[in-house]
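Text of the file run.csv, holding CSV, C-alpha atoms:
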chain,number,residue,atom,x,y,z
A,1,MET,CA,-46.4,-142.5,27.9
A,2,ALA,CA,-50.0,-143.5,28.4
A,3,PRO,CA,-50.5,-147.3,28.2
A,4,GLU,CA,-52.8,-147.1,25.2
A,5,PHE,CA,-50.0,-145.3,23.2
A,6,VAL,CA,-47.5,-147.9,24.3
A,7,ILE,CA,-49.8,-150.7,23.0
A,8,LEU,CA,-50.3,-148.7,19.7
A,9,ASP,CA,-46.5,-148.3,19.4
A,10,VAL,CA,-46.0,-152.1,19.8
A,11,LEU,CA,-48.7,-152.9,17.3
A,12,LEU,CA,-47.4,-150.4,14.7
A,13,ALA,CA,-43.9,-151.8,15.0
A,14,ALA,CA,-45.2,-155.3,14.2
A,15,ILE,CA,-46.7,-154.2,10.9
A,16,PRO,CA,-44.0,-154.2,8.2
A,17,PRO,CA,-43.8,-151.0,6.2
A,18,LYS,CA,-45.2,-151.1,2.7
A,19,ASN,CA,-41.8,-149.7,1.5
A,20,GLY,CA,-38.5,-151.0,2.5
A,21,THR,CA,-37.3,-154.5,3.0
A,22,VAL,CA,-37.7,-157.3,5.5
A,23,LYS,CA,-35.0,-159.6,6.8
A,24,CYS,CA,-36.0,-163.2,7.4
A,25,SER,CA,-34.2,-166.1,9.0
A,26,GLY,CA,-34.9,-169.8,9.0
A,27,THR,CA,-34.0,-173.2,7.5
A,28,ALA,CA,-33.8,-174.1,3.8
A,29,ARG,CA,-33.3,-177.3,1.9
A,30,VAL,CA,-30.9,-176.2,-0.8
A,31,LEU,CA,-30.7,-178.3,-4.0
A,32,LYS,CA,-28.2,-178.2,-6.8
A,33,GLY,CA,-29.8,-176.9,-10.0
A,34,ASN,CA,-29.1,-177.5,-13.7
A,35,SER,CA,-26.3,-175.3,-14.8
A,36,ALA,CA,-27.0,-176.1,-18.5
A,37,GLN,CA,-30.1,-173.8,-18.2
A,38,ILE,CA,-28.2,-170.7,-17.2
A,39,GLY,CA,-28.6,-168.0,-19.8
A,40,LEU,CA,-32.0,-169.3,-21.1
A,41,PRO,CA,-35.5,-168.0,-20.4
A,42,GLY,CA,-36.6,-169.7,-17.3
A,43,GLY,CA,-39.8,-170.4,-15.5
A,44,TRP,CA,-40.7,-166.8,-14.8
A,45,ASP,CA,-40.5,-165.8,-18.5
A,46,GLY,CA,-43.6,-164.8,-20.2
A,47,PRO,CA,-45.0,-163.6,-23.5
A,48,ASN,CA,-43.1,-160.8,-25.2
A,49,LEU,CA,-41.0,-159.9,-22.1
A,50,LYS,CA,-38.1,-157.7,-23.1
A,51,PRO,CA,-35.7,-158.4,-21.7
A,52,HIS,CA,-36.5,-162.1,-21.1
A,53,ILE,CA,-36.2,-163.4,-17.6
A,54,LEU,CA,-33.1,-165.6,-17.9
A,55,VAL,CA,-31.9,-168.3,-15.5
A,56,THR,CA,-28.8,-166.7,-13.9
A,57,LYS,CA,-25.7,-168.3,-12.3
A,58,ASN,CA,-26.1,-166.4,-9.1
A,59,GLY,CA,-29.9,-166.5,-8.8
A,60,ALA,CA,-32.2,-169.0,-7.1
A,61,ALA,CA,-35.1,-171.1,-8.2
A,62,ILE,CA,-38.0,-171.1,-5.8
A,63,ILE,CA,-41.4,-172.7,-5.3
A,64,PRO,CA,-43.8,-169.7,-5.8
A,65,SER,CA,-46.4,-170.9,-3.3
A,66,GLN,CA,-43.8,-170.8,-0.5
A,67,TRP,CA,-43.6,-167.1,-1.2
A,68,SER,CA,-47.4,-166.5,-1.3
A,69,VAL,CA,-47.2,-165.9,-5.1
A,70,THR,CA,-50.7,-166.0,-6.5
A,71,ASN,CA,-50.0,-164.1,-9.7
A,72,LYS,CA,-46.6,-164.6,-11.5
A,73,ALA,CA,-47.0,-161.4,-13.6
A,74,THR,CA,-47.4,-159.1,-10.6
A,75,PHE,CA,-44.5,-160.8,-8.7
A,76,ARG,CA,-42.0,-160.4,-11.5
A,77,PRO,CA,-40.9,-156.8,-10.5
A,78,TYR,CA,-39.7,-158.2,-7.1
A,79,LEU,CA,-37.5,-161.0,-8.5
A,80,ASN,CA,-34.3,-159.1,-8.7
A,81,LEU,CA,-34.8,-157.6,-5.3
A,82,ILE,CA,-34.7,-160.8,-3.3
A,83,LYS,CA,-31.4,-162.0,-1.9
A,84,GLY,CA,-30.4,-164.8,0.3
A,85,ALA,CA,-27.4,-166.1,2.2
A,86,PHE,CA,-26.6,-169.5,3.7
A,87,PRO,CA,-24.2,-168.5,6.5
A,88,ASN,CA,-23.2,-172.0,7.5
A,89,ALA,CA,-22.3,-172.9,3.9
A,90,ASN,CA,-20.6,-169.8,2.8
A,91,ALA,CA,-23.0,-169.4,-0.1
A,92,SER,CA,-25.5,-166.9,-1.3
A,93,PHE,CA,-27.8,-166.0,-4.1
A,94,ALA,CA,-28.8,-162.7,-5.7
A,95,GLY,CA,-32.2,-162.5,-7.3
A,96,VAL,CA,-34.8,-165.1,-8.1
A,97,SER,CA,-34.5,-166.3,-11.7
A,98,GLU,CA,-36.2,-169.6,-11.9
A,99,ILE,CA,-39.1,-171.8,-10.7
A,100,ILE,CA,-38.4,-175.2,-9.4
A,101,GLY,CA,-39.8,-177.8,-11.7
A,102,GLY,CA,-39.2,-181.1,-13.5
A,103,ALA,CA,-40.4,-184.6,-13.2
A,104,PRO,CA,-41.9,-185.7,-9.9
A,105,ASP,CA,-39.7,-186.4,-6.8
A,106,PRO,CA,-39.2,-190.2,-6.8
A,107,ASN,CA,-40.2,-190.3,-3.2
A,108,PHE,CA,-43.6,-188.9,-4.1
A,109,PRO,CA,-44.2,-190.0,-7.7
A,110,HIS,CA,-47.8,-189.1,-7.7
A,111,LEU,CA,-47.3,-185.5,-6.7
A,112,PRO,CA,-46.0,-182.5,-8.8
A,113,VAL,CA,-42.4,-182.0,-7.9
A,114,GLN,CA,-42.9,-178.9,-5.9
A,115,GLN,CA,-45.4,-180.6,-3.6
A,116,GLY,CA,-43.2,-183.7,-3.4
A,117,LEU,CA,-40.2,-181.6,-2.3
A,118,MET,CA,-42.3,-179.8,0.3
A,119,ALA,CA,-43.5,-183.2,1.6
A,120,ASP,CA,-39.9,-184.5,1.7
A,121,TYR,CA,-38.8,-181.5,3.7
A,122,PRO,CA,-41.8,-180.3,5.6
A,123,GLY,CA,-41.4,-176.8,7.0
A,124,ASP,CA,-38.2,-176.0,5.1
A,125,LEU,CA,-37.9,-173.3,2.5
A,126,ILE,CA,-36.9,-175.1,-0.7
A,127,ILE,CA,-34.3,-173.3,-2.8
A,128,GLU,CA,-32.4,-174.6,-5.9
A,129,LEU,CA,-29.2,-173.0,-7.1
A,130,PRO,CA,-28.7,-173.3,-10.9
A,131,GLY,CA,-25.0,-172.2,-10.4
A,132,GLY,CA,-24.5,-173.8,-7.0
A,133,ASN,CA,-24.2,-177.0,-5.1
A,134,ASP,CA,-26.4,-179.1,-2.9
A,135,LEU,CA,-26.2,-177.7,0.6
A,136,ASP,CA,-28.6,-180.1,2.3
A,137,GLU,CA,-30.7,-178.5,5.1
A,138,THR,CA,-29.0,-175.3,6.2
A,139,ALA,CA,-29.7,-172.0,7.8
A,140,VAL,CA,-30.9,-169.2,5.5
A,141,THR,CA,-31.3,-165.5,5.7
A,142,ILE,CA,-33.5,-163.7,3.2
A,143,THR,CA,-33.7,-160.0,2.3
A,144,ALA,CA,-36.9,-159.2,0.4
A,145,PRO,CA,-39.1,-156.3,-0.3
A,146,ALA,CA,-41.6,-155.7,2.5
A,147,ALA,CA,-44.4,-156.3,0.0
A,148,VAL,CA,-43.1,-159.8,-0.5
A,149,GLY,CA,-42.7,-160.7,3.1
A,150,CYS,CA,-41.0,-163.7,4.6
A,151,PRO,CA,-41.3,-167.1,2.8
A,152,VAL,CA,-42.2,-170.4,4.4
A,153,GLY,CA,-39.6,-171.8,6.6
A,154,THR,CA,-38.5,-168.3,7.8
A,155,SER,CA,-39.6,-165.6,10.1
A,156,GLN,CA,-38.9,-162.0,10.3
A,157,VAL,CA,-35.9,-160.8,12.3
A,158,PRO,CA,-35.1,-157.2,13.3
B,159,MET,CA,-42.2,-234.1,-14.1
B,160,ARG,CA,-41.3,-235.2,-17.6
B,161,LEU,CA,-44.2,-233.0,-18.9
B,162,VAL,CA,-42.8,-230.0,-17.0
B,163,ALA,CA,-39.3,-230.6,-18.4
B,164,LEU,CA,-40.7,-231.0,-22.0
B,165,PHE,CA,-42.7,-227.7,-21.6
B,166,ALA,CA,-39.6,-225.8,-20.4
B,167,ILE,CA,-37.5,-227.1,-23.4
B,168,PHE,CA,-40.3,-226.2,-25.8
B,169,ASN,CA,-40.6,-222.7,-24.4
B,170,ALA,CA,-36.9,-222.0,-24.5
B,171,PHE,CA,-36.8,-222.6,-28.3
B,172,LEU,CA,-40.0,-220.6,-29.1
B,173,PRO,CA,-39.1,-217.5,-31.1
B,174,GLY,CA,-39.2,-214.5,-28.8
B,175,ALA,CA,-39.7,-216.6,-25.8
B,176,ALA,CA,-37.3,-214.4,-23.8
B,177,VAL,CA,-38.6,-211.1,-25.2
B,178,GLN,CA,-40.9,-209.1,-22.9
B,179,LYS,CA,-44.2,-208.1,-24.4
B,180,ALA,CA,-44.1,-204.4,-25.6
B,181,HIS,CA,-46.5,-201.9,-24.0
B,182,ALA,CA,-49.8,-201.8,-25.8
B,183,TRP,CA,-50.6,-198.1,-26.1
B,184,PRO,CA,-54.2,-197.1,-26.9
B,185,VAL,CA,-54.8,-196.6,-30.6
B,186,VAL,CA,-55.7,-192.9,-31.0
B,187,ARG,CA,-58.2,-191.4,-33.2
B,188,ALA,CA,-56.6,-189.1,-35.8
B,189,PHE,CA,-57.6,-185.4,-35.5
B,190,SER,CA,-56.5,-181.9,-36.4
B,191,HIS,CA,-57.5,-178.6,-35.1
B,192,TYR,CA,-56.2,-175.0,-35.0
B,193,TRP,CA,-56.6,-172.1,-32.6
B,194,ARG,CA,-56.0,-168.4,-33.4
B,195,ILE,CA,-54.2,-166.7,-30.5
B,196,PRO,CA,-55.0,-163.1,-31.2
B,197,ASP,CA,-53.4,-161.1,-28.5
B,198,VAL,CA,-50.0,-162.3,-27.3
B,199,GLY,CA,-48.6,-160.6,-24.2
B,200,SER,CA,-50.3,-157.3,-24.6
B,201,THR,CA,-51.7,-157.7,-21.0
B,202,ASP,CA,-50.7,-159.8,-18.1
B,203,GLN,CA,-53.3,-162.4,-18.9
B,204,ASP,CA,-53.0,-166.0,-19.9
B,205,THR,CA,-53.7,-167.3,-23.4
B,206,SER,CA,-54.8,-170.9,-23.2
B,207,VAL,CA,-55.7,-173.9,-25.3
B,208,ALA,CA,-57.0,-177.3,-24.0
B,209,THR,CA,-58.1,-180.3,-26.0
B,210,PHE,CA,-58.3,-184.1,-25.6
B,211,ILE,CA,-56.9,-186.9,-27.7
B,212,TYR,CA,-59.4,-189.8,-27.9
B,213,ASP,CA,-58.8,-193.5,-28.5
B,214,VAL,CA,-60.8,-195.3,-31.2
B,215,SER,CA,-63.6,-196.1,-28.8
B,216,GLY,CA,-64.1,-192.4,-28.1
B,217,THR,CA,-62.5,-192.4,-24.6
B,218,PRO,CA,-60.3,-189.4,-23.8
B,219,VAL,CA,-56.8,-190.8,-23.1
B,220,TYR,CA,-54.6,-187.7,-23.3
B,221,LYS,CA,-55.0,-184.0,-22.5
B,222,LEU,CA,-53.1,-181.3,-24.3
B,223,GLU,CA,-52.9,-178.2,-22.2
B,224,CYS,CA,-51.3,-174.9,-23.3
B,225,HIS,CA,-50.8,-171.6,-21.5
B,226,ASN,CA,-48.5,-168.6,-21.7
B,227,GLY,CA,-46.0,-167.7,-18.9
B,228,ASN,CA,-48.6,-165.5,-17.1
B,229,TYR,CA,-50.6,-168.6,-16.1
B,230,SER,CA,-50.6,-169.0,-12.3
B,231,GLY,CA,-53.2,-171.7,-12.0
B,232,GLN,CA,-52.9,-175.2,-10.6
B,233,SER,CA,-51.3,-177.7,-12.9
B,234,GLU,CA,-48.8,-180.5,-12.9
B,235,LEU,CA,-46.1,-178.1,-14.0
B,236,ASN,CA,-45.3,-174.4,-14.4
B,237,PHE,CA,-46.0,-172.9,-17.8
B,238,SER,CA,-43.6,-170.3,-19.1
B,239,GLY,CA,-42.6,-168.4,-22.2
B,240,THR,CA,-44.7,-167.1,-25.1
B,241,PHE,CA,-46.8,-170.3,-25.3
B,242,GLN,CA,-46.1,-173.7,-23.7
B,243,CYS,CA,-48.0,-176.9,-24.3
B,244,ALA,CA,-47.9,-180.1,-22.2
B,245,LEU,CA,-49.4,-183.5,-22.8
B,246,PHE,CA,-50.7,-185.7,-20.0
B,247,ALA,CA,-52.1,-189.2,-20.1
B,248,ILE,CA,-55.5,-189.3,-18.4
B,249,GLU,CA,-57.7,-191.9,-17.0
B,250,LYS,CA,-61.3,-191.0,-15.9
B,251,GLY,CA,-60.4,-187.3,-16.1
B,252,LYS,CA,-57.3,-187.5,-13.9
B,253,ASN,CA,-53.7,-187.0,-15.0
B,254,THR,CA,-51.7,-190.3,-14.8
B,255,SER,CA,-48.4,-189.0,-16.2
B,256,TRP,CA,-46.1,-186.0,-16.2
B,257,ASN,CA,-45.5,-184.0,-19.3
B,258,LEU,CA,-45.2,-186.5,-22.2
B,259,LEU,CA,-43.7,-183.9,-24.6
B,260,ALA,CA,-40.5,-184.0,-22.6
B,261,THR,CA,-38.0,-186.6,-23.7
B,262,LYS,CA,-36.3,-188.8,-21.0
B,263,ASP,CA,-33.4,-186.3,-21.1
B,264,GLU,CA,-35.6,-183.2,-20.7
B,265,ARG,CA,-37.1,-184.0,-17.3
B,266,THR,CA,-35.1,-181.7,-15.0
B,267,SER,CA,-37.2,-178.6,-15.7
B,268,ASP,CA,-40.7,-177.8,-16.8
B,269,TRP,CA,-39.7,-175.8,-19.8
B,270,GLY,CA,-36.6,-177.5,-21.3
B,271,ASN,CA,-38.5,-179.3,-24.1
B,272,ARG,CA,-40.0,-178.4,-27.5
B,273,GLY,CA,-43.5,-178.0,-26.0
B,274,ARG,CA,-42.5,-174.5,-25.0
B,275,MET,CA,-42.3,-171.8,-27.6
B,276,ILE,CA,-40.5,-168.5,-27.2
B,277,ALA,CA,-41.4,-165.9,-29.9
B,278,GLU,CA,-37.8,-165.6,-31.1
B,279,GLN,CA,-37.8,-169.3,-32.0
B,280,LEU,CA,-40.3,-168.6,-34.8
B,281,GLN,CA,-38.3,-165.8,-36.5
B,282,GLY,CA,-35.9,-166.1,-39.4
B,283,LYS,CA,-33.3,-168.9,-39.2
B,284,CYS,CA,-34.7,-170.0,-35.9
B,285,GLY,CA,-38.2,-170.4,-37.3
B,286,SER,CA,-37.0,-172.6,-40.1
B,287,TRP,CA,-34.8,-174.8,-38.0
B,288,PRO,CA,-36.2,-178.4,-38.3
B,289,GLU,CA,-38.2,-179.5,-35.2
B,290,PHE,CA,-37.3,-176.5,-33.1
B,291,GLY,CA,-39.0,-173.7,-35.0
B,292,VAL,CA,-42.4,-173.3,-36.5
B,293,GLN,CA,-42.8,-177.1,-37.1
B,294,ARG,CA,-42.3,-179.6,-34.2
B,295,THR,CA,-43.1,-183.3,-34.2
B,296,PHE,CA,-43.5,-185.5,-31.2
B,297,LYS,CA,-43.5,-189.3,-31.5
B,298,LEU,CA,-44.7,-191.4,-28.6
B,299,ARG,CA,-47.2,-193.9,-27.3
B,300,GLY,CA,-48.5,-195.1,-30.7
B,301,MET,CA,-49.0,-191.6,-32.2
B,302,ILE,CA,-47.3,-188.7,-34.0
B,303,ILE,CA,-48.3,-185.2,-32.8
B,304,ASN,CA,-47.4,-182.3,-35.0
B,305,PHE,CA,-47.4,-178.6,-33.9
B,306,THR,CA,-47.4,-175.9,-36.5
B,307,TYR,CA,-47.1,-172.2,-35.7
B,308,ARG,CA,-48.4,-170.2,-38.6
B,309,ASP,CA,-50.0,-166.9,-39.7
B,310,LEU,CA,-47.5,-165.1,-37.5
B,311,GLN,CA,-48.2,-161.4,-37.0
B,312,TRP,CA,-45.2,-159.4,-35.8
B,313,ILE,CA,-45.4,-155.9,-34.3
B,314,ASP,CA,-42.5,-153.5,-34.3
B,315,GLY,CA,-42.3,-151.4,-31.1
B,316,ASP,CA,-39.9,-149.4,-29.1
B,317,LYS,CA,-38.5,-152.5,-27.4
B,318,GLY,CA,-38.1,-154.3,-30.8
B,319,ARG,CA,-40.2,-156.7,-32.6
B,320,ARG,CA,-42.8,-158.7,-30.7
B,321,LEU,CA,-45.2,-161.5,-31.7
B,322,GLY,CA,-48.7,-160.0,-31.8
B,323,ALA,CA,-50.8,-163.0,-32.9
B,324,PHE,CA,-50.4,-166.5,-34.3
B,325,THR,CA,-52.3,-169.6,-35.2
B,326,PHE,CA,-51.4,-172.8,-33.4
B,327,ALA,CA,-52.3,-176.0,-35.4
B,328,VAL,CA,-52.2,-179.5,-34.0
B,329,ARG,CA,-52.4,-182.7,-35.9
B,330,VAL,CA,-52.5,-186.2,-34.3
B,331,GLU,CA,-52.1,-189.5,-36.2
B,332,PRO,CA,-51.7,-193.0,-35.0
B,333,ASP,CA,-48.3,-194.6,-35.6
B,334,GLU,CA,-47.6,-198.1,-34.3
B,335,LYS,CA,-43.8,-197.4,-34.8
B,336,ALA,CA,-43.9,-194.7,-32.1
B,337,THR,CA,-43.4,-196.9,-29.0
B,338,SER,CA,-41.7,-194.7,-26.5
B,339,SER,CA,-43.6,-193.9,-23.3
B,340,GLU,CA,-42.6,-190.2,-23.6
B,341,ALA,CA,-41.5,-188.1,-26.6
B,342,GLU,CA,-38.7,-189.8,-28.5
B,343,SER,CA,-35.4,-187.9,-28.6
B,344,ILE,CA,-34.9,-186.5,-32.1
B,345,ASN,CA,-31.8,-186.8,-34.3
B,346,VAL,CA,-31.7,-183.1,-35.2
B,347,PRO,CA,-29.0,-180.7,-34.0
B,348,LYS,CA,-30.2,-178.0,-31.6
B,349,PRO,CA,-30.3,-174.5,-32.9
B,350,PRO,CA,-27.8,-172.0,-31.3
B,351,LYS,CA,-28.5,-170.3,-28.0
B,352,THR,CA,-29.3,-167.1,-30.0
B,353,CYS,CA,-32.6,-169.0,-30.8
B,354,LEU,CA,-33.1,-169.3,-27.0
B,355,TRP,CA,-32.6,-173.1,-26.9

Using structure tokens, write down the structure that the file contains.
Amino acid sequence: MAPEFVILDVLLAAIPPKNGTVKCSGTARVLKGNSAQIGLPGGWDGPNLKPHILVTKNGAAIIPSQWSVTNKATFRPYLNLIKGAFPNANASFAGVSEIIGGAPDPNFPHLPVQQGLMADYPGDLIIELPGGNDLDETAVTITAPAAVGCPVGTSQVP
Amino acid sequence: MRLVALFAIFNAFLPGAAVQKAHAWPVVRAFSHYWRIPDVGSTDQDTSVATFIYDVSGTPVYKLECHNGNYSGQSELNFSGTFQCALFAIEKGKNTSWNLLATKDERTSDWGNRGRMIAEQLQGKCGSWPEFGVQRTFKLRGMIINFTYRDLQWIDGDKGRRLGAFTFAVRVEPDEKATSSEAESINVPKPPKTCLW
């Protein structure tokens, strides 16, 4: 094959398809969430949504900026399509159902909690499991729609 | 030496000598205002309200900020639901507190407090539930803040009933008996989970 076509092939392979999914691998700081909130409309819920976006036992809470979310309304269709696994901890999540929030991290009392957690664990993907346990820093694999891409702390794998 | 000893004995017997001085919150100026929210959730846009609470000298000391769950802007917390309000202490225009509408037991999430309204909480039995429905009161920092959701316009559609429009009314009054640094916990039972609490 002519060199210019080889280069083109390599470049095209590096661009994720608009359809389909991507698989990402990296490190996450996994926090225990508040199980009392399961079954209630969570941080993704909005005006007059039917059905409401409820916090789920098997879902995850995320920091939207780590997933390049600039508009919550347009990101909502992807929430149920994001899955994750923590292979070294024998744990996983199915769907994103909540946004990490609450009072500031005591280590960074003058920052909103999301920024405080990112400062506490620089470079890690921050995940909270409403129905799960604290897994400390651990390996994570994410499967997400190609339009979502890989979040902070992870990179795409074949 | 004798004088120091005498002073110590005198202080020990003074009433309230061992009691710490309570925090002196700014005395707020009473005010009331209402906003008509005409178009709830018909698009993916935000519906917002922002106002300040002033002390008696005219200095803004608190900011009340409200958005719906479509709001994606920068703030101290994530807003969600049909309409969520948060109260922040401010000094020279900068936030100096987290959301003061959350009680000390409601600080593990941005939305687990009565500052957030979900439309179903205003309907029927849920709406008339004291402190969790159309009327909500917050006592803190030398003031009482009252929220009233009124003039509710409901629209029936293929996905059921939805809230089309409402009026959000706020009343603030000074109350020296309200001494907590954040909203006091209330002695009212919570509504059932069917009211989305």

8 Å contacts from chain A to chain B using all atoms listed in the file, as a ChimeraX atom specification | /A:34,40-50,70-73,99-104,112

Please determine the residues with any atom at most 8 Å from (-36.3, -167.3, 3.6) (coordinates as given in the file, with all atoms listed in the file counting) and report them as a VMD selection string.
-> chain A and resid 24 to 28 84 125 140 to 143 150 to 155

Selection near B:Glu223, 8 Å with only C-alpha atoms, sequence-local residues under 3 positions removed, as a PyMOL selection string | chain B and resi 206-209+243-245

Could you jot down the atom CA of A:Pro130 to atom CA of A:Ser97 separation for me, Å, one decimal place?
-> 9.1 Å

State, in Å with one decimal place, the distance from atom CA of B:Lys221 to atom CA of B:Ile195.
-> 19.1 Å

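For the set B:Gly282, B:Arg274, B:Phe210, B:Tyr307, the residue with the smallest atom-to-atom gap to B:Gly251 is B:Phe210, counting only C-alpha atoms.
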
Give me the residues within 8 Å of A:Lys83 as a PyMOL selection string, counting all atoms listed in the file and dropping any in the same chain fewer than 6 places off.
-> chain A and resi 92-96+142-144

Because some atoms of stretch 116-128 of chain A are absent here, can you restore N, CA and C atoms and send them as a PDB file, in the frame of the given file?
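Generated file (selection.pdb):
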ATOM      1  N   GLY A 116     -43.962-182.547  -3.909  1.00  0.00           N
ATOM      2  CA  GLY A 116     -43.200-183.700  -3.400  1.00  0.00           C
ATOM      3  C   GLY A 116     -41.982-183.196  -2.585  1.00  0.00           C
ATOM      4  N   LEU A 117     -41.327-182.132  -3.033  1.00  0.00           N
ATOM      5  CA  LEU A 117     -40.200-181.600  -2.300  1.00  0.00           C
ATOM      6  C   LEU A 117     -40.652-181.057  -0.926  1.00  0.00           C
ATOM      7  N   MET A 118     -41.797-180.389  -0.927  1.00  0.00           N
ATOM      8  CA  MET A 118     -42.300-179.800   0.300  1.00  0.00           C
ATOM      9  C   MET A 118     -42.719-180.961   1.291  1.00  0.00           C
ATOM     10  N   ALA A 119     -43.174-182.077   0.727  1.00  0.00           N
ATOM     11  CA  ALA A 119     -43.500-183.200   1.600  1.00  0.00           C
ATOM     12  C   ALA A 119     -42.241-183.918   2.080  1.00  0.00           C
ATOM     13  N   ASP A 120     -41.208-183.922   1.269  1.00  0.00           N
ATOM     14  CA  ASP A 120     -39.900-184.500   1.700  1.00  0.00           C
ATOM     15  C   ASP A 120     -39.264-183.698   2.779  1.00  0.00           C
ATOM     16  N   TYR A 121     -39.410-182.394   2.733  1.00  0.00           N
ATOM     17  CA  TYR A 121     -38.800-181.500   3.700  1.00  0.00           C
ATOM     18  C   TYR A 121     -39.784-180.551   4.302  1.00  0.00           C
ATOM     19  N   PRO A 122     -40.686-181.089   5.096  1.00  0.00           N
ATOM     20  CA  PRO A 122     -41.800-180.300   5.600  1.00  0.00           C
ATOM     21  C   PRO A 122     -41.258-179.112   6.482  1.00  0.00           C
ATOM     22  N   GLY A 123     -41.800-177.938   6.215  1.00  0.00           N
ATOM     23  CA  GLY A 123     -41.400-176.800   7.000  1.00  0.00           C
ATOM     24  C   GLY A 123     -40.206-176.035   6.502  1.00  0.00           C
ATOM     25  N   ASP A 124     -39.435-176.644   5.604  1.00  0.00           N
ATOM     26  CA  ASP A 124     -38.200-176.000   5.100  1.00  0.00           C
ATOM     27  C   ASP A 124     -38.599-175.090   3.885  1.00  0.00           C
ATOM     28  N   LEU A 125     -37.848-174.021   3.736  1.00  0.00           N
ATOM     29  CA  LEU A 125     -37.900-173.300   2.500  1.00  0.00           C
ATOM     30  C   LEU A 125     -37.075-174.076   1.465  1.00  0.00           C
ATOM     31  N   ILE A 126     -37.645-174.304   0.286  1.00  0.00           N
ATOM     32  CA  ILE A 126     -36.900-175.100  -0.700  1.00  0.00           C
ATOM     33  C   ILE A 126     -36.305-174.089  -1.737  1.00  0.00           C
ATOM     34  N   ILE A 127     -35.013-174.203  -1.914  1.00  0.00           N
ATOM     35  CA  ILE A 127     -34.300-173.300  -2.800  1.00  0.00           C
ATOM     36  C   ILE A 127     -33.419-174.219  -3.718  1.00  0.00           C
ATOM     37  N   GLU A 128     -33.330-173.852  -4.975  1.00  0.00           N
ATOM     38  CA  GLU A 128     -32.400-174.600  -5.900  1.00  0.00           C
ATOM     39  C   GLU A 128     -31.475-173.536  -6.492  1.00  0.00           C
TER      40      GLU A 128
END
